[in-house]
Structures are given as C-alpha cells and as structure tokens.
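Student: Here it is, the structure in full.
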Amino acid sequence: MIRVTFFDRFLIFLAIKLKVSPLLAHILLMVAITALFAGLAPDAAVMLRRLDYLAIWIATCAFGIFVTWFSKGEYKDAWRRSDIWRE
C-alpha cells in the first residue's frame with residue numbers, strides 16, 4: 001500500500017491545477033522555489049552564480065525529486081503520467 005503524505009497531496013493538487021503529471025509539478029515547484037530564493041534572499045543571486053553552489057543546489061533538488069518519485073514503488077509510472085490525474 002502506498003503511503004500518501006501531505007506533500008504528495010499537495011503535488012497531486014498542483015498537478016491537477018496545472019494539468020501536468022505530479023512529477024513535473026514537483027520539478028516546477030523546485031524551479032519556483034529556486035527563483036524565489038534567488039529573488040528574495042539578499043545574497044542568493046550572487047551565491048547561485050557560483051557554479052559549485054549551483055551544482056549543489058541542483059543536485060539537492062534533483063535528489064528530493066528522485067526520492068519522492070522512487071518512494072511511489074509500483075505507482076512510479078502513474079506519477080509520471082498526467083492523464084490519470086485529470087479525472
């Protein structure tokens with residue numbers, strides 16, 4: 001049985017509203033968080049210009065997305081498809 005967390009429900013809600021898959025909704029959410037971080041934090045834009053810090057940031061975001069996707073077990077394929085979540 002798959003365990004559905006609050007974050008999973010949020011991603012599903014976001015996916016339904018954007019008419020995309022939950023996996024793509026998670027990627028878009030991480031891009032939005034990165035943009036907000038770069039825009040709102042005083043020195044964030046300067047830090048994200050450094051390639052080593054940017055690589056660590058992207059690797060951390062990708063790891064979070066992978067863990068969320070991988071934790072779906074047998075439902076990994078459904079997590080990548082958008083047509084299931086439109087109904």
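Going through the structure tokens in order, the chains are called A, B, and so on, while each chain numbers its residues from 1 and the ligands are numbered from 1 in the order shown.
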Need the shell around stretch 23-35 of chain A: protein/DNA/RNA residues with any atom at most 10 Å away, counting only C-alpha atoms. Skip same-chain ones fewer than 3 positions apart. Format as JSON, numbers by chain?
Tutor: {"A": [7, 8, 10, 11, 12, 13, 14, 15, 16, 17, 18, 19, 20, 38, 39, 40, 44, 45, 48, 57, 58, 61, 62, 64, 65, 66, 68, 69, 76, 77, 78, 79, 80, 81, 82]}
Student: Write down as a ChimeraX atom specification the residues of chain A whose backbone DSSP state falls under alpha helix (DSSP H).
Tutor: /A:6-18,22-40,44-49,51-70,76-80
Student: As an exercise, work out the distance from atom CA of A:Val4 to atom CA of A:Pro22 in Å and give it to one decimal place.
Tutor: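 Between atom CA of A:Val4 and atom CA of A:Pro22 the gap is 12.8 Å.
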Student: Between atom CA of A:Phe37 and atom CA of A:Thr60, what is the distance, to one decimal in Å?
Tutor: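 Atom-to-atom, atom CA of A:Phe37 to atom CA of A:Thr60, that is 14.2 Å.
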